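These notes are about the structure you will find just below.
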Amino acid sequence: MDTIYAVSSAPGKAGVAVLRVSGPHAFSACRALCGNIPTPRIASLRVLRDKAGGRLDQAIVICFEAGQSFTGEDSVEFQVHGSIAVISAVMAALGAVDGLRPALPGEFTRRALENGQLDAAQVEGLADLIDAETEAQRRQALRVLSGDLGRRAESWRSDLIRAAALLEATIDFADEDVPVDVSPEVTLLVQRVRRELGTEIAGVGVAERIRTGFEVAIVGAPNVGKSTLLNALAGRDAAITSEIAGTTRDVIEVRMDLGGLPVTLLDTAGLRDTDDQIESIGVARAKDRAEQADLRVFLVEDGEPPLILPKEGDIVLRAKGDLASDDKASVSGKTGQGIPELIARMTLILTQESARAGIATRVRHRDAMQRGDAALAAAQNLLPGGEESADIAAEEMRAAIRALDSLVGRVDIENVLDEIFASFCLGK
């Protein structure tokens with residue numbers, strides 16, 4: 001396998017930059033730049049020099065032996081001063097070492113997968129951690145990166161291998177008197193796995209929302225104060241406001257952090273019947289996005305019911321609360337009245353929703369678990385048939401195991417890996 005190198009820290013000028021080398025010639029590269037190899041896993045201060053002996057920089061160098069590094073290979077990290085000139089000079093020196101080549105995007109992580117340091121789900125968790133913007137995203141990504149999903153999949157696999165083995169024993173001893181009826185234990189094992197799969201499948205949608213962001217749509221008639229409210233929540237003029245009804249024609253999106261949850265606020269076109277062709281397209285988009293949103297905030301004026309029906313859990317508030325004369329639930333983007341209460345209420349609703357999130361976070365995970373569950377349902381239906389259907393039931397068990405193996409990358413995910421690693425930077 002080639003020895004690869006790349007800058008693993010962010011591009012541009014910084015106090016420190018990290019250059020990573022991994023592969024069979026990593027220690028040779030270290031010796032070429034440092035003169036000797038520091039004690040593995042102990043940070044050492046070294047002067048880096050090029051082939052001609054010219055001084056490049058003074059750096060902290062850490063060596064990792066195979067099996068003790070992120071990639072599982074011999075690896076070296078050079079922590080150099082983070083100027084563009086220093087980085088370029090050290091990269092050029094590494095490129096002059098025989099057997100080294102620049103890394104491809106995600107190649108360090110791919111080697112970690114191939115060398116058994118990470119499973120496929122952990123790779124996805126690492127990608128999510130790098131992209132995390134909020135506290136909830138960080139926590140969720142760390143759970144996946146730490147291997148929680150892989151351990152759960154291994155537990156399911158162990159139970160199903162046990163169940164399949166019991167069924168196959170029934171087949172092997174079909175002509176003999178087997179003293180123990182295995183069907184009760186097999187049934188219990190299958191039921192337990194299916195129950196846990198059902199819980200995880202149900203939680204994927206919420207987990208994916210934590211990863212990509214919840215959507216909250218502000219809905220109401222034209223000129224009811226939706227854009228003013230969006231601007232107040234965003235803390236900036238994200239949407240144009242005007243006394244002219246129908247100013248907002250398209251859906252305007254603003255990204256926010258609510259209690260550690262990633263949230264996209266949607267300012268939609270005012271809902272009304274109109275002969276304006278462009279505005280009617282905006283109204284249609286508003287209805288569609290509001291329908292798909294995780295939560296809707298309805299702004300209504302006195303005596304005016306919402307033009308589309310709120311769902312359970314949606315928030316309905318009187319618009320332009322600064323003009324209201326009573327204590328009914330209201331909000332005003334103009335004066336800020338009711339905004340802290342609205343933020344608290346949205347945060348509570350979405351936090352309660354996020355509590356349903358499982359360990360699995362992607363559609364790929366859900367698809368694999370659904371395939372496994374379907375195979376187990378078929379096996380469960382065959383169990384009452386006894387010895388005559390035991391062989392088919394056992395094959396359904398094996399199909400379920402294969403489906404769940406794809407969760408962690410044991411089988412059939414090469415195309416998925418290509419897509420995952422395409423999103424990684426060069427140094428990861």
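Naming scheme: A, B, ... for chains in displayed order of the structure tokens; residues 1 onward per chain; ligands 1 onward as shown.
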Report task. Can you pull out every residue within 8 Å of Cys30 of chain A, counting only C-alpha atoms, but drop anything in the same chain fewer than 6 positions away, and send it as an NGL selection string? Result -> :A and (36-37 or 76)
Please tabulate, as a Markdown table, the residues of segment 198-235 of chain A that come within 10 Å of segment 337-340 of chain A, each with its closest pair of atoms and the distance in Å to one decimal, counting only C-alpha atoms and ordering rows by chain, then residue number upward.
| residue | atom | partner | partner_atom | distance |
| --- | --- | --- | --- | --- |
| A:Leu229 | CA | A:Ile339 | CA | 8.4 |
| A:Ala232 | CA | A:Ile339 | CA | 8.1 |
| A:Leu233 | CA | A:Ile339 | CA | 7.5 |
Please, which residues in segment 281-388 of chain A fall within 12 Å of segment 130-138 of chain A when counting only C-alpha atoms, and what is the closest atom pair and distance in Å to one decimal for each, ordered by chain then residue number, as CSV?
residue,atom,partner,partner_atom,distance
A:Leu350,CA,A:Ala136,CA,11.4
A:Thr351,CA,A:Ala136,CA,9.6
A:Ser354,CA,A:Ala136,CA,8.9
A:Ala355,CA,A:Ala136,CA,10.6
A:Ala357,CA,A:Ala136,CA,10.9
A:Thr361,CA,A:Gln137,CA,10.7
What would the file look like if the residues just selected were written as a PDB file, in the first residue's frame with C-alpha atoms?
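Output below, filename part_17.pdb:
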ATOM      1  CA  LEU A 350     -38.371  20.046  19.188  1.00  0.00           C
ATOM      2  CA  THR A 351     -36.409  18.809  22.218  1.00  0.00           C
ATOM      3  CA  SER A 354     -35.550  14.743  19.404  1.00  0.00           C
ATOM      4  CA  ALA A 355     -35.814  12.467  22.448  1.00  0.00           C
ATOM      5  CA  ALA A 357     -34.066   9.659  18.096  1.00  0.00           C
ATOM      6  CA  THR A 361     -29.076   8.224  11.796  1.00  0.00           C
TER       7      THR A 361
END
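Comparing A:Arg41, A:Arg255, A:Ala17, A:Pro24 by their smallest distance to Asp57 of chain A, the closest is A:Ala17 (using only C-alpha atoms).
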- request: Write out as an MDAnalysis selection string which residues come within 9 Å of Arg110 of chain A when counting only C-alpha atoms, dropping same-chain ones fewer than 2 positions away.
  value: chainID A and resid 71 106:108 112:115 118 123 417 421 428
Write a file of the just-selected residues containing all heavy atoms, as an mmCIF file, in the first residue's frame.
data_model
loop_
_atom_site.group_PDB
_atom_site.id
_atom_site.type_symbol
_atom_site.label_atom_id
_atom_site.label_comp_id
_atom_site.auth_asym_id
_atom_site.auth_seq_id
_atom_site.Cartn_x
_atom_site.Cartn_y
_atom_site.Cartn_z
ATOM 1 N N THR A 71 -5.189 5.264 11.392
ATOM 2 C CA THR A 71 -5.354 4.441 10.194
ATOM 3 C C THR A 71 -5.043 2.968 10.428
ATOM 4 O O THR A 71 -5.368 2.132 9.586
ATOM 5 C CB THR A 71 -4.432 4.942 9.069
ATOM 6 O OG1 THR A 71 -3.069 4.836 9.515
ATOM 7 C CG2 THR A 71 -4.755 6.380 8.686
ATOM 8 N N GLY A 106 -10.504 11.740 1.984
ATOM 9 C CA GLY A 106 -11.010 10.662 2.826
ATOM 10 C C GLY A 106 -10.148 9.427 2.888
ATOM 11 O O GLY A 106 -10.534 8.418 3.490
ATOM 12 N N GLU A 107 -8.941 9.466 2.308
ATOM 13 C CA GLU A 107 -8.154 8.233 2.205
ATOM 14 C C GLU A 107 -7.626 7.756 3.551
ATOM 15 O O GLU A 107 -7.507 6.547 3.786
ATOM 16 C CB GLU A 107 -6.998 8.427 1.223
ATOM 17 C CG GLU A 107 -6.319 7.117 0.850
ATOM 18 C CD GLU A 107 -5.387 7.233 -0.340
ATOM 19 O OE1 GLU A 107 -5.154 8.360 -0.824
ATOM 20 O OE2 GLU A 107 -4.868 6.183 -0.775
ATOM 21 N N PHE A 108 -7.306 8.669 4.461
ATOM 22 C CA PHE A 108 -6.873 8.245 5.799
ATOM 23 C C PHE A 108 -7.993 7.465 6.493
ATOM 24 O O PHE A 108 -7.762 6.415 7.094
ATOM 25 C CB PHE A 108 -6.480 9.458 6.638
ATOM 26 C CG PHE A 108 -5.216 10.130 6.191
ATOM 27 C CD1 PHE A 108 -5.253 11.288 5.439
ATOM 28 C CD2 PHE A 108 -3.974 9.603 6.522
ATOM 29 C CE1 PHE A 108 -4.090 11.919 5.033
ATOM 30 C CE2 PHE A 108 -2.794 10.215 6.118
ATOM 31 C CZ PHE A 108 -2.863 11.380 5.356
ATOM 32 N N ALA A 112 -8.464 3.489 7.703
ATOM 33 C CA ALA A 112 -8.900 3.099 9.050
ATOM 34 C C ALA A 112 -9.993 2.049 8.962
ATOM 35 O O ALA A 112 -10.034 1.085 9.747
ATOM 36 C CB ALA A 112 -9.393 4.327 9.819
ATOM 37 N N LEU A 113 -10.903 2.202 7.990
ATOM 38 C CA LEU A 113 -11.968 1.207 7.782
ATOM 39 C C LEU A 113 -11.380 -0.114 7.304
ATOM 40 O O LEU A 113 -11.704 -1.188 7.841
ATOM 41 C CB LEU A 113 -12.972 1.745 6.766
ATOM 42 C CG LEU A 113 -14.073 0.777 6.327
ATOM 43 C CD1 LEU A 113 -15.061 0.536 7.459
ATOM 44 C CD2 LEU A 113 -14.809 1.309 5.109
ATOM 45 N N GLU A 114 -10.516 -0.050 6.309
ATOM 46 C CA GLU A 114 -9.947 -1.280 5.742
ATOM 47 C C GLU A 114 -9.074 -2.025 6.738
ATOM 48 O O GLU A 114 -8.956 -3.251 6.670
ATOM 49 C CB GLU A 114 -9.140 -0.927 4.487
ATOM 50 C CG GLU A 114 -10.015 -0.438 3.335
ATOM 51 C CD GLU A 114 -9.220 0.189 2.202
ATOM 52 O OE1 GLU A 114 -8.006 0.445 2.410
ATOM 53 O OE2 GLU A 114 -9.798 0.416 1.134
ATOM 54 N N ASN A 115 -8.489 -1.292 7.673
ATOM 55 C CA ASN A 115 -7.620 -1.929 8.673
ATOM 56 C C ASN A 115 -8.355 -2.273 9.964
ATOM 57 O O ASN A 115 -7.723 -2.640 10.963
ATOM 58 C CB ASN A 115 -6.426 -1.016 8.986
ATOM 59 C CG ASN A 115 -5.484 -0.872 7.801
ATOM 60 O OD1 ASN A 115 -5.293 -1.817 7.033
ATOM 61 N ND2 ASN A 115 -4.915 0.304 7.617
ATOM 62 N N LEU A 118 -12.181 1.301 12.241
ATOM 63 C CA LEU A 118 -13.547 1.832 12.259
ATOM 64 C C LEU A 118 -14.432 0.913 11.439
ATOM 65 O O LEU A 118 -13.958 0.231 10.516
ATOM 66 C CB LEU A 118 -13.596 3.239 11.640
ATOM 67 C CG LEU A 118 -12.787 4.371 12.279
ATOM 68 C CD1 LEU A 118 -12.867 5.614 11.396
ATOM 69 C CD2 LEU A 118 -13.295 4.681 13.681
ATOM 70 N N VAL A 123 -17.539 5.509 10.388
ATOM 71 C CA VAL A 123 -17.067 6.451 9.370
ATOM 72 C C VAL A 123 -18.118 7.533 9.134
ATOM 73 O O VAL A 123 -17.801 8.724 9.041
ATOM 74 C CB VAL A 123 -16.739 5.702 8.060
ATOM 75 C CG1 VAL A 123 -16.504 6.686 6.914
ATOM 76 C CG2 VAL A 123 -15.513 4.815 8.249
ATOM 77 N N LEU A 417 -19.682 3.520 0.336
ATOM 78 C CA LEU A 417 -18.406 4.055 0.814
ATOM 79 C C LEU A 417 -17.870 5.126 -0.127
ATOM 80 O O LEU A 417 -17.348 6.148 0.312
ATOM 81 C CB LEU A 417 -17.383 2.929 0.951
ATOM 82 C CG LEU A 417 -17.652 1.914 2.069
ATOM 83 C CD1 LEU A 417 -16.583 0.841 2.054
ATOM 84 C CD2 LEU A 417 -17.704 2.598 3.419
ATOM 85 N N PHE A 421 -16.934 8.839 1.321
ATOM 86 C CA PHE A 421 -15.583 9.387 1.323
ATOM 87 C C PHE A 421 -15.441 10.587 0.392
ATOM 88 O O PHE A 421 -14.535 11.389 0.546
ATOM 89 C CB PHE A 421 -14.565 8.303 0.970
ATOM 90 C CG PHE A 421 -14.388 7.286 2.055
ATOM 91 C CD1 PHE A 421 -14.638 5.948 1.826
ATOM 92 C CD2 PHE A 421 -13.987 7.678 3.324
ATOM 93 C CE1 PHE A 421 -14.479 5.005 2.838
ATOM 94 C CE2 PHE A 421 -13.835 6.741 4.342
ATOM 95 C CZ PHE A 421 -14.077 5.415 4.091
ATOM 96 N N LYS A 428 -8.362 13.976 5.912
ATOM 97 C CA LYS A 428 -9.123 13.051 6.756
ATOM 98 C C LYS A 428 -9.405 11.746 6.004
ATOM 99 O O LYS A 428 -9.598 10.727 6.591
ATOM 100 C CB LYS A 428 -10.437 13.722 7.178
ATOM 101 C CG LYS A 428 -11.001 13.124 8.463
ATOM 102 C CD LYS A 428 -10.067 13.315 9.638
ATOM 103 C CE LYS A 428 -10.591 12.658 10.905
ATOM 104 N NZ LYS A 428 -9.644 12.722 12.011
#
query: Residues at most 8 Å from Ile210 of chain A, counting only C-alpha atoms, excluding those fewer than 3 positions away in the same chain, as a PyMOL selection string?
result: chain A and resi 136-137+140+206-207+213-214+261-262+354
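For Phe27 of chain A, the residues within 10 Å (counting only C-alpha atoms, excluding itself and residues fewer than 6 positions away along the chain) are Val21, Leu33, Asn36, Ile37, Pro38, Cys63, Phe64, Glu65, Asp74, Ser75 and Val76 of chain A.
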Could the residues in this selection be written to a file with N, CA, C and O atoms, as a CSV table (one decimal), in the first residue's frame?
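Output below, filename part_30.csv:
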chain,number,residue,atom,x,y,z
A,21,VAL,N,1.2,11.7,7.8
A,21,VAL,CA,1.8,10.8,6.9
A,21,VAL,C,1.4,9.4,7.4
A,21,VAL,O,1.4,9.1,8.6
A,33,LEU,N,13.2,13.9,7.4
A,33,LEU,CA,13.0,15.2,7.8
A,33,LEU,C,13.6,15.6,9.1
A,33,LEU,O,14.0,16.7,9.4
A,36,ASN,N,16.1,11.4,12.8
A,36,ASN,CA,15.8,10.2,13.6
A,36,ASN,C,14.3,10.0,13.9
A,36,ASN,O,13.6,10.9,13.5
A,37,ILE,N,14.0,8.9,14.5
A,37,ILE,CA,12.5,8.7,14.7
A,37,ILE,C,12.3,8.8,16.2
A,37,ILE,O,12.9,8.1,17.0
A,38,PRO,N,11.4,9.8,16.6
A,38,PRO,CA,11.1,9.9,18.1
A,38,PRO,C,10.5,8.7,18.6
A,38,PRO,O,9.9,7.8,17.9
A,63,CYS,N,5.0,10.0,16.4
A,63,CYS,CA,5.0,8.8,15.6
A,63,CYS,C,4.0,7.8,16.3
A,63,CYS,O,3.9,7.6,17.5
A,64,PHE,N,3.3,7.0,15.4
A,64,PHE,CA,2.4,6.0,15.9
A,64,PHE,C,2.7,4.7,15.1
A,64,PHE,O,2.7,4.7,13.9
A,65,GLU,N,2.9,3.6,15.9
A,65,GLU,CA,3.2,2.4,15.3
A,65,GLU,C,1.9,1.7,14.7
A,65,GLU,O,0.8,2.1,15.1
A,74,ASP,N,1.6,2.4,10.3
A,74,ASP,CA,2.7,3.3,10.8
A,74,ASP,C,2.3,4.8,10.3
A,74,ASP,O,2.0,5.0,9.2
A,75,SER,N,2.3,5.7,11.3
A,75,SER,CA,1.8,7.1,11.0
A,75,SER,C,2.7,8.1,11.7
A,75,SER,O,3.2,7.8,12.8
A,76,VAL,N,2.8,9.2,11.1
A,76,VAL,CA,3.5,10.3,11.7
A,76,VAL,C,2.7,11.6,11.5
A,76,VAL,O,2.2,11.9,10.5
Name the residues in contact with Val186 of chain A at a cut-off of 12 Å, using only C-alpha atoms, excluding same-chain residues fewer than 3 positions from it; report them as a ChimeraX atom specification.
/A:159-170,181-183,189-193,376,379-380,382-384,386,390,393-394,397
Output the selection as a PDB file, in the first residue's frame - N, CA and C atoms for each residue.
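So the final result, stored in out.pdb, reads:
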ATOM      1  N   ASP A 159     -27.644 -12.887  18.357  1.00  0.00           N
ATOM      2  CA  ASP A 159     -28.938 -13.530  18.635  1.00  0.00           C
ATOM      3  C   ASP A 159     -29.431 -14.315  17.425  1.00  0.00           C
ATOM      4  N   LEU A 160     -29.280 -13.747  16.231  1.00  0.00           N
ATOM      5  CA  LEU A 160     -29.804 -14.400  15.033  1.00  0.00           C
ATOM      6  C   LEU A 160     -28.954 -15.599  14.627  1.00  0.00           C
ATOM      7  N   ILE A 161     -27.650 -15.524  14.864  1.00  0.00           N
ATOM      8  CA  ILE A 161     -26.798 -16.691  14.601  1.00  0.00           C
ATOM      9  C   ILE A 161     -27.194 -17.838  15.527  1.00  0.00           C
ATOM     10  N   ARG A 162     -27.483 -17.512  16.778  1.00  0.00           N
ATOM     11  CA  ARG A 162     -27.947 -18.525  17.730  1.00  0.00           C
ATOM     12  C   ARG A 162     -29.262 -19.128  17.262  1.00  0.00           C
ATOM     13  N   ALA A 163     -30.197 -18.267  16.823  1.00  0.00           N
ATOM     14  CA  ALA A 163     -31.500 -18.764  16.376  1.00  0.00           C
ATOM     15  C   ALA A 163     -31.355 -19.644  15.135  1.00  0.00           C
ATOM     16  N   ALA A 164     -30.525 -19.221  14.176  1.00  0.00           N
ATOM     17  CA  ALA A 164     -30.322 -20.012  12.961  1.00  0.00           C
ATOM     18  C   ALA A 164     -29.660 -21.344  13.280  1.00  0.00           C
ATOM     19  N   ALA A 165     -28.708 -21.329  14.230  1.00  0.00           N
ATOM     20  CA  ALA A 165     -28.028 -22.577  14.609  1.00  0.00           C
ATOM     21  C   ALA A 165     -29.001 -23.567  15.223  1.00  0.00           C
ATOM     22  N   LEU A 166     -29.922 -23.074  16.035  1.00  0.00           N
ATOM     23  CA  LEU A 166     -30.919 -23.965  16.639  1.00  0.00           C
ATOM     24  C   LEU A 166     -31.809 -24.589  15.566  1.00  0.00           C
ATOM     25  N   LEU A 167     -32.209 -23.773  14.589  1.00  0.00           N
ATOM     26  CA  LEU A 167     -33.055 -24.299  13.507  1.00  0.00           C
ATOM     27  C   LEU A 167     -32.292 -25.318  12.672  1.00  0.00           C
ATOM     28  N   GLU A 168     -31.027 -25.029  12.405  1.00  0.00           N
ATOM     29  CA  GLU A 168     -30.241 -25.953  11.590  1.00  0.00           C
ATOM     30  C   GLU A 168     -29.980 -27.256  12.334  1.00  0.00           C
ATOM     31  N   ALA A 169     -29.895 -27.180  13.666  1.00  0.00           N
ATOM     32  CA  ALA A 169     -29.763 -28.419  14.454  1.00  0.00           C
ATOM     33  C   ALA A 169     -31.020 -29.258  14.302  1.00  0.00           C
ATOM     34  N   THR A 170     -32.161 -28.605  14.229  1.00  0.00           N
ATOM     35  CA  THR A 170     -33.423 -29.332  14.026  1.00  0.00           C
ATOM     36  C   THR A 170     -33.408 -30.056  12.687  1.00  0.00           C
ATOM     37  N   ASP A 181     -37.416 -28.976  22.402  1.00  0.00           N
ATOM     38  CA  ASP A 181     -38.088 -28.205  21.364  1.00  0.00           C
ATOM     39  C   ASP A 181     -37.438 -26.823  21.310  1.00  0.00           C
ATOM     40  N   VAL A 182     -36.796 -26.469  20.177  1.00  0.00           N
ATOM     41  CA  VAL A 182     -36.048 -25.217  20.085  1.00  0.00           C
ATOM     42  C   VAL A 182     -36.929 -24.025  19.715  1.00  0.00           C
ATOM     43  N   SER A 183     -38.146 -24.286  19.267  1.00  0.00           N
ATOM     44  CA  SER A 183     -38.970 -23.189  18.749  1.00  0.00           C
ATOM     45  C   SER A 183     -39.250 -22.091  19.777  1.00  0.00           C
ATOM     46  N   LEU A 189     -35.865 -15.112  20.633  1.00  0.00           N
ATOM     47  CA  LEU A 189     -34.746 -14.397  20.044  1.00  0.00           C
ATOM     48  C   LEU A 189     -35.205 -13.491  18.902  1.00  0.00           C
ATOM     49  N   VAL A 190     -36.048 -14.043  18.038  1.00  0.00           N
ATOM     50  CA  VAL A 190     -36.543 -13.264  16.894  1.00  0.00           C
ATOM     51  C   VAL A 190     -37.395 -12.097  17.369  1.00  0.00           C
ATOM     52  N   GLN A 191     -38.257 -12.348  18.331  1.00  0.00           N
ATOM     53  CA  GLN A 191     -39.118 -11.278  18.844  1.00  0.00           C
ATOM     54  C   GLN A 191     -38.307 -10.148  19.466  1.00  0.00           C
ATOM     55  N   ARG A 192     -37.260 -10.520  20.198  1.00  0.00           N
ATOM     56  CA  ARG A 192     -36.435  -9.496  20.840  1.00  0.00           C
ATOM     57  C   ARG A 192     -35.720  -8.627  19.803  1.00  0.00           C
ATOM     58  N   VAL A 193     -35.146  -9.285  18.792  1.00  0.00           N
ATOM     59  CA  VAL A 193     -34.448  -8.518  17.754  1.00  0.00           C
ATOM     60  C   VAL A 193     -35.427  -7.637  16.997  1.00  0.00           C
ATOM     61  N   LEU A 376     -36.962 -11.380   9.061  1.00  0.00           N
ATOM     62  CA  LEU A 376     -37.323 -12.005  10.342  1.00  0.00           C
ATOM     63  C   LEU A 376     -38.816 -12.230  10.451  1.00  0.00           C
ATOM     64  N   ALA A 379     -39.432 -15.361   8.624  1.00  0.00           N
ATOM     65  CA  ALA A 379     -38.981 -16.508   9.421  1.00  0.00           C
ATOM     66  C   ALA A 379     -39.965 -16.800  10.544  1.00  0.00           C
ATOM     67  N   GLN A 380     -40.471 -15.762  11.169  1.00  0.00           N
ATOM     68  CA  GLN A 380     -41.414 -15.932  12.273  1.00  0.00           C
ATOM     69  C   GLN A 380     -42.687 -16.627  11.814  1.00  0.00           C
ATOM     70  N   LEU A 382     -42.849 -18.757   9.517  1.00  0.00           N
ATOM     71  CA  LEU A 382     -42.541 -20.148   9.158  1.00  0.00           C
ATOM     72  C   LEU A 382     -42.326 -21.041  10.375  1.00  0.00           C
ATOM     73  N   LEU A 383     -42.040 -20.446  11.529  1.00  0.00           N
ATOM     74  CA  LEU A 383     -41.698 -21.243  12.714  1.00  0.00           C
ATOM     75  C   LEU A 383     -42.780 -22.234  13.134  1.00  0.00           C
ATOM     76  N   PRO A 384     -44.070 -21.865  13.069  1.00  0.00           N
ATOM     77  CA  PRO A 384     -45.083 -22.862  13.475  1.00  0.00           C
ATOM     78  C   PRO A 384     -45.099 -24.110  12.603  1.00  0.00           C
ATOM     79  N   GLY A 386     -42.711 -26.048  12.018  1.00  0.00           N
ATOM     80  CA  GLY A 386     -41.847 -27.085  12.567  1.00  0.00           C
ATOM     81  C   GLY A 386     -40.741 -27.488  11.617  1.00  0.00           C
ATOM     82  N   ALA A 390     -38.296 -25.542   8.659  1.00  0.00           N
ATOM     83  CA  ALA A 390     -37.143 -25.048   9.418  1.00  0.00           C
ATOM     84  C   ALA A 390     -36.018 -24.576   8.503  1.00  0.00           C
ATOM     85  N   ALA A 393     -36.921 -21.182   7.102  1.00  0.00           N
ATOM     86  CA  ALA A 393     -36.838 -20.194   8.181  1.00  0.00           C
ATOM     87  C   ALA A 393     -35.380 -19.849   8.484  1.00  0.00           C
ATOM     88  N   ALA A 394     -34.520 -20.865   8.486  1.00  0.00           N
ATOM     89  CA  ALA A 394     -33.102 -20.626   8.743  1.00  0.00           C
ATOM     90  C   ALA A 394     -32.492 -19.745   7.657  1.00  0.00           C
ATOM     91  N   MET A 397     -33.362 -16.266   8.302  1.00  0.00           N
ATOM     92  CA  MET A 397     -32.487 -15.747   9.369  1.00  0.00           C
ATOM     93  C   MET A 397     -31.161 -15.269   8.793  1.00  0.00           C
TER      94      MET A 397
END
